[in-house]
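To be precise, the following lines are input-v4.txt, and they hold compact mmCIF, C-alpha atoms.
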```
# COMPACT_ATOMS: atom_id res chain seq x y z
CA MET A 1 56.41 138.04 114.06
CA LYS A 2 55.92 139.03 110.43
CA VAL A 3 58.70 138.40 107.91
CA GLU A 4 58.37 139.17 104.21
CA LEU A 5 60.96 138.72 101.48
CA VAL A 6 60.55 140.45 98.13
CA VAL A 7 63.19 139.86 95.44
CA ASP A 8 63.04 141.95 92.27
CA GLY A 9 59.42 142.80 93.04
CA LYS A 10 58.36 139.18 93.56
CA LYS A 11 57.21 138.07 97.02
CA ILE A 12 59.07 134.91 97.98
CA PRO A 13 56.96 132.43 99.95
CA MET A 14 58.55 131.09 103.14
CA ASN A 15 57.40 128.40 105.54
CA SER A 16 57.30 129.04 109.28
CA TYR A 17 60.79 127.59 109.85
CA VAL A 18 62.44 129.85 107.26
CA ARG A 19 60.54 132.90 108.57
CA SER A 20 61.71 132.06 112.09
CA VAL A 21 65.34 131.72 110.97
CA PHE A 22 65.22 135.05 109.09
CA PHE A 23 63.67 136.75 112.10
CA ARG A 24 66.14 135.36 114.63
CA VAL A 25 69.20 136.19 112.51
CA VAL A 26 68.06 139.76 111.86
CA GLU A 27 66.98 140.17 115.50
CA ALA A 28 70.43 139.06 116.66
CA LEU A 29 72.18 141.48 114.28
CA ILE A 30 69.96 144.40 115.30
CA SER A 31 70.44 143.70 119.01
CA THR A 32 74.21 144.20 118.65
CA LEU A 33 73.84 147.70 117.19
CA LYS A 34 74.73 150.59 119.46
CA GLY A 35 71.73 152.79 120.22
CA VAL A 36 69.12 150.14 119.48
CA GLU A 37 67.32 149.16 122.65
CA ASP A 38 63.68 148.26 122.16
CA TRP A 39 62.43 148.00 118.60
CA SER A 40 59.21 146.83 117.01
CA ASP A 41 59.72 147.38 113.28
CA ALA A 42 62.77 147.05 111.03
CA GLU A 43 63.15 147.48 107.30
CA ILE A 44 66.15 146.25 105.32
CA THR A 45 66.87 147.02 101.67
CA ILE A 46 69.77 145.30 99.94
CA LYS A 47 70.84 146.09 96.37
CA ARG A 48 73.50 144.19 94.48
CA GLU A 49 75.60 146.27 92.15
```

Encoding of this model in structure tokens:
Amino acid sequence: MKVELVVDGKKIPMNSYVRSVFFRVVEALISTLKGVEDWSDAEITIKRE
């Protein structure tokens, strides 16, 4: 599992616990999406306006 968080161009360091939590939350959300069966790579971009 590889998890990377970049905020405003700055990579945010995360320990193994935080990486695991991010991964499991995103994995759970993705698994509920219709049409997503077996995935290996996901990219999320969030912009506040």

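Residues in contact range of Glu4 (chain A), defined as at most 10 Å between all atoms listed in the file, with sequence neighbours fewer than 5 positions away removed, read Lys11, Ile12, Pro13, Met14, Arg19, Phe22 and Phe23 of chain A.
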
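Counting all atoms listed in the file, the residue from A:Asn15, A:Met1, A:Glu49, A:Asp8 that sits nearest to Glu27 (chain A) is A:Met1.
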
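Rounded to one decimal, CA of Arg48 (chain A) and CA of Leu29 (chain A) lie 20.0 Å from each other.
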
Could you work out an axis-aligned bounding box for all listed atoms of region 13-16 of chain A, with 8 Å added on each of the six sides, and give its centre and edge lengths in Å to one decimal, as JSON?
```
{"center_x": 57.8, "center_y": 130.4, "center_z": 104.6, "size_x": 17.6, "size_y": 20.0, "size_z": 25.3}
```

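Comparing A:Val3, A:Lys34, A:Ala42, A:Gly9 by their smallest distance to Val21 (chain A), the closest is A:Val3 (using only C-alpha atoms).
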
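Picture a line from CA of Ser31 (chain A) to CA of Ser16 (chain A); it runs 22.0 Å.
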
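CA of Leu33 (chain A) to CA of Leu5 (chain A) spans 22.2 Å [interatomic distance, one decimal].
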